[in-house]
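Student: run-v6.txt is reproduced below (compact mmCIF, C-alpha atoms).
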```txt
# COMPACT_ATOMS: atom_id res chain seq x y z
CA MET A 1 85.36 174.84 95.91
CA ALA A 2 85.24 172.88 99.15
CA SER A 3 81.47 173.26 99.28
CA GLU A 4 81.17 171.52 95.90
CA ALA A 5 82.72 168.36 97.29
CA THR A 6 80.14 168.22 100.07
CA ASN A 7 77.36 168.24 97.47
CA VAL A 8 78.70 165.15 95.75
CA SER A 9 77.35 162.08 97.43
CA PRO A 10 76.64 158.70 95.90
CA HIS A 11 73.40 158.69 97.87
CA ALA A 12 72.13 162.17 96.96
CA ASN A 13 68.51 162.34 95.83
CA HIS A 14 69.09 165.13 93.34
CA PRO A 15 72.07 165.82 91.14
CA SER A 16 74.37 168.37 92.72
CA GLY A 17 75.27 171.67 91.12
CA LEU A 18 78.62 170.11 90.27
CA ALA A 19 76.96 167.21 88.43
CA GLN A 20 74.63 169.65 86.64
CA ARG A 21 77.59 171.66 85.33
CA TYR A 22 79.41 168.59 83.99
CA ALA A 23 76.18 167.26 82.44
CA LEU A 24 75.34 170.58 80.81
CA ALA A 25 78.85 170.88 79.37
CA LEU A 26 78.59 167.35 77.95
CA LEU A 27 75.13 168.03 76.49
CA GLU A 28 76.29 171.25 74.83
CA LEU A 29 79.33 169.45 73.39
CA ALA A 30 77.12 166.62 72.10
CA LYS A 31 74.77 169.16 70.48
CA ASP A 32 77.69 170.93 68.80
CA ARG A 33 78.97 167.61 67.44
CA LYS A 34 75.44 166.39 66.63
CA THR A 35 76.00 163.27 68.74
CA VAL A 36 73.30 163.73 71.40
CA ASP A 37 71.64 160.35 70.84
CA ALA A 38 74.95 158.47 70.71
CA THR A 39 76.13 160.24 73.87
CA ALA A 40 72.86 159.42 75.64
CA ASP A 41 73.18 155.75 74.58
CA GLU A 42 76.76 155.55 75.88
CA LEU A 43 75.75 157.14 79.17
CA GLU A 44 72.87 154.67 79.46
CA SER A 45 75.30 151.76 78.95
CA LEU A 46 77.52 153.22 81.65
CA ARG A 47 74.53 153.78 83.96
CA LYS A 48 73.49 150.14 83.53
CA LEU A 49 77.00 148.97 84.33
CA ILE A 50 77.13 151.09 87.48
CA ALA A 51 73.67 149.90 88.55
CA SER A 52 74.38 146.21 87.97
CA ASP A 53 78.01 145.87 89.07
CA ALA A 54 78.62 146.46 92.78
CA GLY A 55 82.37 146.04 92.27
CA PHE A 56 82.47 148.80 89.68
CA ARG A 57 80.36 151.07 91.92
CA ALA A 58 82.80 150.47 94.79
CA PHE A 59 85.71 151.16 92.44
CA ILE A 60 84.41 154.57 91.31
CA GLU A 61 83.57 155.51 94.91
CA ASP A 62 87.01 154.56 96.30
CA PRO A 63 88.96 157.79 97.02
CA ARG A 64 92.17 155.89 97.83
CA LEU A 65 92.97 155.00 94.22
CA ASP A 66 95.47 157.22 92.45
CA ALA A 67 94.31 158.96 89.28
CA THR A 68 96.64 157.07 86.93
CA ALA A 69 95.51 153.62 88.08
CA GLN A 70 91.89 154.75 88.18
CA GLN A 71 92.09 156.13 84.64
CA ARG A 72 93.80 153.05 83.21
CA ALA A 73 91.24 150.66 84.74
CA THR A 74 88.22 152.83 83.96
CA PHE A 75 89.23 153.43 80.34
CA ALA A 76 89.72 149.68 79.84
CA ILE A 77 86.18 149.09 81.13
CA LEU A 78 84.77 151.89 78.96
CA GLU A 79 86.45 150.42 75.90
CA LYS A 80 84.99 147.01 76.70
CA ILE A 81 81.42 148.36 76.82
CA GLY A 82 81.90 150.56 73.74
CA VAL A 83 82.07 153.99 75.39
CA SER A 84 84.35 156.46 73.64
CA GLY A 85 84.57 160.08 72.50
CA ALA A 86 82.97 162.75 74.66
CA VAL A 87 81.78 160.36 77.39
CA ARG A 88 85.27 158.87 77.71
CA ASN A 89 86.70 162.40 77.88
CA LEU A 90 84.15 163.35 80.55
CA VAL A 91 85.21 160.37 82.67
CA GLY A 92 88.85 161.40 82.17
CA VAL A 93 88.10 164.93 83.40
CA LEU A 94 86.20 163.56 86.42
CA ILE A 95 89.19 161.35 87.27
CA ALA A 96 91.69 164.20 86.79
CA ASN A 97 89.60 166.42 89.07
CA ARG A 98 89.25 163.58 91.64
CA ARG A 99 85.46 163.57 91.16
CA LEU A 100 84.80 160.15 89.64
CA VAL A 101 82.44 159.51 92.56
CA ALA A 102 80.09 162.08 90.94
CA LEU A 103 79.72 160.00 87.74
CA PRO A 104 76.29 158.52 88.62
CA GLN A 105 74.97 162.00 89.43
CA VAL A 106 76.39 163.42 86.19
CA ILE A 107 74.66 160.64 84.22
CA ALA A 108 71.37 161.33 86.03
CA ALA A 109 71.72 165.08 85.46
CA PHE A 110 72.43 164.55 81.74
CA ALA A 111 69.33 162.34 81.42
CA ALA A 112 67.19 164.91 83.22
CA LEU A 113 68.48 167.80 81.08
CA LEU A 114 67.93 165.84 77.88
CA ALA A 115 64.43 164.76 78.95
CA GLU A 116 63.54 168.34 79.80
CA GLN A 117 64.74 169.59 76.42
CA ARG A 118 62.75 166.84 74.68
CA GLY A 119 59.59 167.66 76.62
CA GLN A 120 59.68 164.47 78.67
CA GLN A 121 58.78 164.24 82.31
CA THR A 122 61.51 162.77 84.47
CA ALA A 123 60.71 160.22 87.13
CA GLU A 124 63.56 159.63 89.58
CA VAL A 125 63.31 156.02 90.69
CA SER A 126 65.27 154.67 93.64
CA SER A 127 65.25 150.94 94.29
CA ALA A 128 67.20 148.55 96.49
CA HIS A 129 68.25 146.54 93.43
CA PRO A 130 68.58 147.44 89.72
CA LEU A 131 65.24 147.35 87.91
CA THR A 132 64.59 144.70 85.28
CA ASP A 133 63.27 145.61 81.83
CA VAL A 134 59.86 144.18 82.83
CA GLN A 135 59.78 146.35 85.97
CA ARG A 136 60.70 149.43 83.94
CA THR A 137 57.87 148.73 81.48
CA GLN A 138 55.36 148.16 84.29
CA LEU A 139 56.43 151.30 86.14
CA THR A 140 56.18 153.43 83.00
CA ALA A 141 52.70 151.99 82.34
CA ARG A 142 51.57 152.76 85.92
CA LEU A 143 52.87 156.33 85.67
CA THR A 144 51.04 156.77 82.36
CA GLU A 145 47.83 155.46 84.00
CA ALA A 146 48.36 158.00 86.80
CA GLY A 147 48.37 160.82 84.25
CA PHE A 148 52.09 161.28 83.65
CA SER A 149 52.79 161.09 79.92
CA ASN A 150 56.08 160.82 78.03
CA VAL A 151 57.98 159.71 81.16
CA LYS A 152 61.74 159.13 81.22
CA LEU A 153 62.99 157.02 84.14
CA VAL A 154 66.21 158.06 85.89
CA GLU A 155 67.22 155.14 88.07
CA ARG A 156 69.34 154.97 91.20
CA VAL A 157 70.19 151.96 93.33
CA ASP A 158 69.96 152.56 97.09
CA PRO A 159 70.44 149.35 99.11
CA ALA A 160 69.29 151.20 102.25
CA LEU A 161 65.70 151.02 100.94
CA LEU A 162 65.75 147.23 101.56
CA GLY A 163 63.03 146.69 98.92
CA GLY A 164 60.25 148.50 97.10
CA LEU A 165 60.56 151.79 95.25
CA VAL A 166 60.73 155.51 95.80
CA VAL A 167 59.52 157.47 92.76
CA ARG A 168 59.78 161.25 92.51
CA ILE A 169 58.13 162.93 89.53
CA GLY A 170 57.88 166.68 89.64
CA SER A 171 56.81 167.63 93.16
CA ARG A 172 55.10 164.27 93.79
CA LEU A 173 56.74 161.53 95.81
CA PHE A 174 55.57 157.91 95.88
CA ASP A 175 57.35 155.88 98.55
CA SER A 176 56.65 152.16 98.80
CA SER A 177 60.06 151.22 100.16
CA ILE A 178 60.36 148.70 102.97
CA LYS A 179 62.55 151.19 104.83
CA SER A 180 59.71 153.75 104.92
CA LYS A 181 57.15 151.13 105.89
CA LEU A 182 59.35 150.05 108.80
CA GLN A 183 59.81 153.68 109.88
CA ARG A 184 56.03 154.27 109.79
CA LEU A 185 55.49 151.12 111.85
CA GLN A 186 58.13 152.27 114.33
CA TYR A 187 56.46 155.69 114.68
CA ALA A 188 53.05 154.06 115.12
CA MET A 189 54.43 151.79 117.84
CA LYS A 190 55.98 154.76 119.64
CA GLY A 191 52.64 156.58 119.50
CA ALA A 192 50.80 153.58 120.96
CA ALA A 193 53.18 153.34 123.93
```
Please express what this file holds, its structure, as structure tokens.

Tutor:
Amino acid sequence: MASEATNVSPHANHPSGLAQRYALALLELAKDRKTVDATADELESLRKLIASDAGFRAFIEDPRLDATAQQRATFAILEKIGVSGAVRNLVGVLIANRRLVALPQVIAAFAALLAEQRGQQTAEVSSAHPLTDVQRTQLTARLTEAGFSNVKLVERVDPALLGGLVVRIGSRLFDSSIKSKLQRLQYAMKGAA
């Protein structure tokens, strides 16, 4: 079990095996209850909250909070944004197992599993700041122009990128982040010396 905890990182590029298992269990439960779309919508609301609220992100990543306080505060927030049922229960299980930090990866894994089952291609998009609706539309249009049809975006905020985007779709990687550009410049300068 100790190895599972090392796979859970808020900065992981791919969902861990742990996140995959939670996401698959939630998807199967949603299928059984015929609430897949509602569950996906609730997870999307939660994903948007995590992406846009740095305080909430810090809260779910803070290992010092005790489970009771974490559950009380988190459930109040979930109620406020209209998240209930299976998603609320999933968050409760994550808190009870001291794995709330894995929530963003579970959400991403759920989206990827659902997209795969619906025949969509998944594009993992990392950006320094949350994407706007206009940016999402433009990115989807550019991916369609590049030959990727029926694309579902799975977003992740990574302030270390400084700016720009990193998009992974299938085995292809498009990296226009400022961080990568600075690294390439640094390597070029070392080579010139």

Student: Would you work out the distance separating atom CA of Leu27 of chain A from atom CA of Ala111 of chain A, expressed in Å to one decimal?

Tutor: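 The value is 9.5 Å.
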
Student: Show me, as a PyMOL selection string, the residues that have an atom within 12 Å of segment 123-137 of chain A when counting only C-alpha atoms, minus same-chain residues fewer than 5 positions from it.

Tutor: chain A and resi 11-15+47-54+105+108-109+111-112+115-116+142-144+148-179

Student: Residues as selected, C-alpha atoms, written as a PDB file, in the frame of the given file, can you do that?

Tutor:
```
ATOM      1  CA  HIS A  11      73.400 158.690  97.870  1.00  0.00           C
ATOM      2  CA  ALA A  12      72.130 162.170  96.960  1.00  0.00           C
ATOM      3  CA  ASN A  13      68.510 162.340  95.830  1.00  0.00           C
ATOM      4  CA  HIS A  14      69.090 165.130  93.340  1.00  0.00           C
ATOM      5  CA  PRO A  15      72.070 165.820  91.140  1.00  0.00           C
ATOM      6  CA  ARG A  47      74.530 153.780  83.960  1.00  0.00           C
ATOM      7  CA  LYS A  48      73.490 150.140  83.530  1.00  0.00           C
ATOM      8  CA  LEU A  49      77.000 148.970  84.330  1.00  0.00           C
ATOM      9  CA  ILE A  50      77.130 151.090  87.480  1.00  0.00           C
ATOM     10  CA  ALA A  51      73.670 149.900  88.550  1.00  0.00           C
ATOM     11  CA  SER A  52      74.380 146.210  87.970  1.00  0.00           C
ATOM     12  CA  ASP A  53      78.010 145.870  89.070  1.00  0.00           C
ATOM     13  CA  ALA A  54      78.620 146.460  92.780  1.00  0.00           C
ATOM     14  CA  GLN A 105      74.970 162.000  89.430  1.00  0.00           C
ATOM     15  CA  ALA A 108      71.370 161.330  86.030  1.00  0.00           C
ATOM     16  CA  ALA A 109      71.720 165.080  85.460  1.00  0.00           C
ATOM     17  CA  ALA A 111      69.330 162.340  81.420  1.00  0.00           C
ATOM     18  CA  ALA A 112      67.190 164.910  83.220  1.00  0.00           C
ATOM     19  CA  ALA A 115      64.430 164.760  78.950  1.00  0.00           C
ATOM     20  CA  GLU A 116      63.540 168.340  79.800  1.00  0.00           C
ATOM     21  CA  ARG A 142      51.570 152.760  85.920  1.00  0.00           C
ATOM     22  CA  LEU A 143      52.870 156.330  85.670  1.00  0.00           C
ATOM     23  CA  THR A 144      51.040 156.770  82.360  1.00  0.00           C
ATOM     24  CA  PHE A 148      52.090 161.280  83.650  1.00  0.00           C
ATOM     25  CA  SER A 149      52.790 161.090  79.920  1.00  0.00           C
ATOM     26  CA  ASN A 150      56.080 160.820  78.030  1.00  0.00           C
ATOM     27  CA  VAL A 151      57.980 159.710  81.160  1.00  0.00           C
ATOM     28  CA  LYS A 152      61.740 159.130  81.220  1.00  0.00           C
ATOM     29  CA  LEU A 153      62.990 157.020  84.140  1.00  0.00           C
ATOM     30  CA  VAL A 154      66.210 158.060  85.890  1.00  0.00           C
ATOM     31  CA  GLU A 155      67.220 155.140  88.070  1.00  0.00           C
ATOM     32  CA  ARG A 156      69.340 154.970  91.200  1.00  0.00           C
ATOM     33  CA  VAL A 157      70.190 151.960  93.330  1.00  0.00           C
ATOM     34  CA  ASP A 158      69.960 152.560  97.090  1.00  0.00           C
ATOM     35  CA  PRO A 159      70.440 149.350  99.110  1.00  0.00           C
ATOM     36  CA  ALA A 160      69.290 151.200 102.250  1.00  0.00           C
ATOM     37  CA  LEU A 161      65.700 151.020 100.940  1.00  0.00           C
ATOM     38  CA  LEU A 162      65.750 147.230 101.560  1.00  0.00           C
ATOM     39  CA  GLY A 163      63.030 146.690  98.920  1.00  0.00           C
ATOM     40  CA  GLY A 164      60.250 148.500  97.100  1.00  0.00           C
ATOM     41  CA  LEU A 165      60.560 151.790  95.250  1.00  0.00           C
ATOM     42  CA  VAL A 166      60.730 155.510  95.800  1.00  0.00           C
ATOM     43  CA  VAL A 167      59.520 157.470  92.760  1.00  0.00           C
ATOM     44  CA  ARG A 168      59.780 161.250  92.510  1.00  0.00           C
ATOM     45  CA  ILE A 169      58.130 162.930  89.530  1.00  0.00           C
ATOM     46  CA  GLY A 170      57.880 166.680  89.640  1.00  0.00           C
ATOM     47  CA  SER A 171      56.810 167.630  93.160  1.00  0.00           C
ATOM     48  CA  ARG A 172      55.100 164.270  93.790  1.00  0.00           C
ATOM     49  CA  LEU A 173      56.740 161.530  95.810  1.00  0.00           C
ATOM     50  CA  PHE A 174      55.570 157.910  95.880  1.00  0.00           C
ATOM     51  CA  ASP A 175      57.350 155.880  98.550  1.00  0.00           C
ATOM     52  CA  SER A 176      56.650 152.160  98.800  1.00  0.00           C
ATOM     53  CA  SER A 177      60.060 151.220 100.160  1.00  0.00           C
ATOM     54  CA  ILE A 178      60.360 148.700 102.970  1.00  0.00           C
ATOM     55  CA  LYS A 179      62.550 151.190 104.830  1.00  0.00           C
TER      56      LYS A 179
END
```

Student: Write out as a ChimeraX atom specification which residues come within 12 Å of Leu90 of chain A when counting only C-alpha atoms, dropping same-chain ones fewer than 2 positions away.

Tutor: /A:19,21-27,29-30,39,42-43,71,74-75,78,83-88,92-97,99-100,102-103,106-107,110

Student: Out of A:Leu113, A:Val101, A:Leu139, A:Ala76, which residue has the shortest atom-to-atom distance to Arg57 of chain A when counting all atoms listed in the file?

Tutor: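 Distance minimum relative to Arg57 of chain A lands on A:Val101.
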
Student: Please determine, counting all atoms listed in the file, which residue among A:Thr122, A:Ser180, A:Gln117, A:Ser45 has the shortest atom-to-atom distance to Glu28 of chain A.

Tutor: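 For Glu28 of chain A, the nearest of the candidates is A:Gln117.
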
Student: Quick one, how far is atom CA of Leu46 of chain A from atom CA of Pro104 of chain A?

Tutor: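 Interatomic distance, atom CA of Leu46 of chain A to atom CA of Pro104 of chain A: 8.8 Å.
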
Student: So for segment 177-190 of chain A, what box centre and size do we get, axis-aligned, 4 Å extra on each of the six sides, every listed atom, Å to one decimal, as JSON?

Tutor:
```
{"center_x": 57.8, "center_y": 152.2, "center_z": 109.9, "size_x": 17.5, "size_y": 15.0, "size_z": 27.5}
```

Student: So, counting all atoms listed in the file, which residue among A:Glu61, A:Glu44, A:Asp66, A:Glu145 is closest to Ile81 of chain A?

Tutor: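 Smallest separation from Ile81 of chain A among the options: A:Glu44.
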
Student: Please report the interatomic distance between atom CA of Arg98 of chain A and atom CA of Thr68 of chain A in Å with one decimal.

Tutor: 10.9 Å

Student: Given only C-alpha atoms as the basis, pick out the residue of A:Ala188, A:Val36, A:Phe56, A:Ala67 nearest to Arg118 of chain A.

Tutor: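 Ranking A:Ala188, A:Val36, A:Phe56, A:Ala67 by distance to Arg118 of chain A, first place goes to A:Val36.
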
Student: Can you give me N, CA, C and O atoms for segment 55-70 of chain A, written as an mmCIF file, keeping the file's coordinate frame?

Tutor:
```
data_model
loop_
_atom_site.group_PDB
_atom_site.id
_atom_site.type_symbol
_atom_site.label_atom_id
_atom_site.label_comp_id
_atom_site.auth_asym_id
_atom_site.auth_seq_id
_atom_site.Cartn_x
_atom_site.Cartn_y
_atom_site.Cartn_z
ATOM 1 N N GLY A 55 80.921 145.862 92.260
ATOM 2 C CA GLY A 55 82.370 146.040 92.270
ATOM 3 C C GLY A 55 82.790 147.307 91.560
ATOM 4 O O GLY A 55 83.667 148.038 92.029
ATOM 5 N N PHE A 56 82.156 147.587 90.423
ATOM 6 C CA PHE A 56 82.470 148.800 89.680
ATOM 7 C C PHE A 56 82.018 150.038 90.463
ATOM 8 O O PHE A 56 82.720 151.042 90.515
ATOM 9 N N ARG A 57 80.833 149.956 91.087
ATOM 10 C CA ARG A 57 80.360 151.070 91.920
ATOM 11 C C ARG A 57 81.365 151.351 93.043
ATOM 12 O O ARG A 57 81.711 152.496 93.302
ATOM 13 N N ALA A 58 81.826 150.300 93.697
ATOM 14 C CA ALA A 58 82.800 150.470 94.790
ATOM 15 C C ALA A 58 84.097 151.069 94.251
ATOM 16 O O ALA A 58 84.712 151.918 94.898
ATOM 17 N N PHE A 59 84.485 150.648 93.059
ATOM 18 C CA PHE A 59 85.710 151.160 92.440
ATOM 19 C C PHE A 59 85.616 152.664 92.199
ATOM 20 O O PHE A 59 86.532 153.407 92.537
ATOM 21 N N ILE A 60 84.508 153.132 91.617
ATOM 22 C CA ILE A 60 84.410 154.570 91.310
ATOM 23 C C ILE A 60 84.228 155.401 92.572
ATOM 24 O O ILE A 60 84.508 156.595 92.565
ATOM 25 N N GLU A 61 83.768 154.776 93.653
ATOM 26 C CA GLU A 61 83.570 155.510 94.910
ATOM 27 C C GLU A 61 84.802 155.488 95.814
ATOM 28 O O GLU A 61 84.825 156.152 96.837
ATOM 29 N N ASP A 62 85.841 154.728 95.439
ATOM 30 C CA ASP A 62 87.010 154.560 96.300
ATOM 31 C C ASP A 62 87.980 155.731 96.137
ATOM 32 O O ASP A 62 88.655 155.849 95.111
ATOM 33 N N PRO A 63 88.095 156.610 97.140
ATOM 34 C CA PRO A 63 88.960 157.790 97.020
ATOM 35 C C PRO A 63 90.452 157.455 97.191
ATOM 36 O O PRO A 63 91.291 158.306 96.947
ATOM 37 N N ARG A 64 90.760 156.233 97.578
ATOM 38 C CA ARG A 64 92.170 155.890 97.830
ATOM 39 C C ARG A 64 92.954 155.610 96.565
ATOM 40 O O ARG A 64 94.174 155.640 96.565
ATOM 41 N N LEU A 65 92.278 155.341 95.464
ATOM 42 C CA LEU A 65 92.970 155.000 94.220
ATOM 43 C C LEU A 65 93.617 156.238 93.612
ATOM 44 O O LEU A 65 93.025 157.314 93.591
ATOM 45 N N ASP A 66 94.827 156.073 93.090
ATOM 46 C CA ASP A 66 95.470 157.220 92.450
ATOM 47 C C ASP A 66 94.893 157.388 91.039
ATOM 48 O O ASP A 66 94.369 156.456 90.446
ATOM 49 N N ALA A 67 94.960 158.605 90.538
ATOM 50 C CA ALA A 67 94.310 158.960 89.280
ATOM 51 C C ALA A 67 94.804 158.129 88.107
ATOM 52 O O ALA A 67 94.021 157.735 87.248
ATOM 53 N N THR A 68 96.088 157.824 88.055
ATOM 54 C CA THR A 68 96.640 157.070 86.930
ATOM 55 C C THR A 68 96.065 155.658 86.889
ATOM 56 O O THR A 68 95.605 155.197 85.834
ATOM 57 N N ALA A 69 96.059 154.987 88.027
ATOM 58 C CA ALA A 69 95.510 153.620 88.080
ATOM 59 C C ALA A 69 94.011 153.642 87.819
ATOM 60 O O ALA A 69 93.479 152.783 87.107
ATOM 61 N N GLN A 70 93.336 154.636 88.366
ATOM 62 C CA GLN A 70 91.890 154.750 88.180
ATOM 63 C C GLN A 70 91.561 154.983 86.704
ATOM 64 O O GLN A 70 90.649 154.359 86.158
#
```
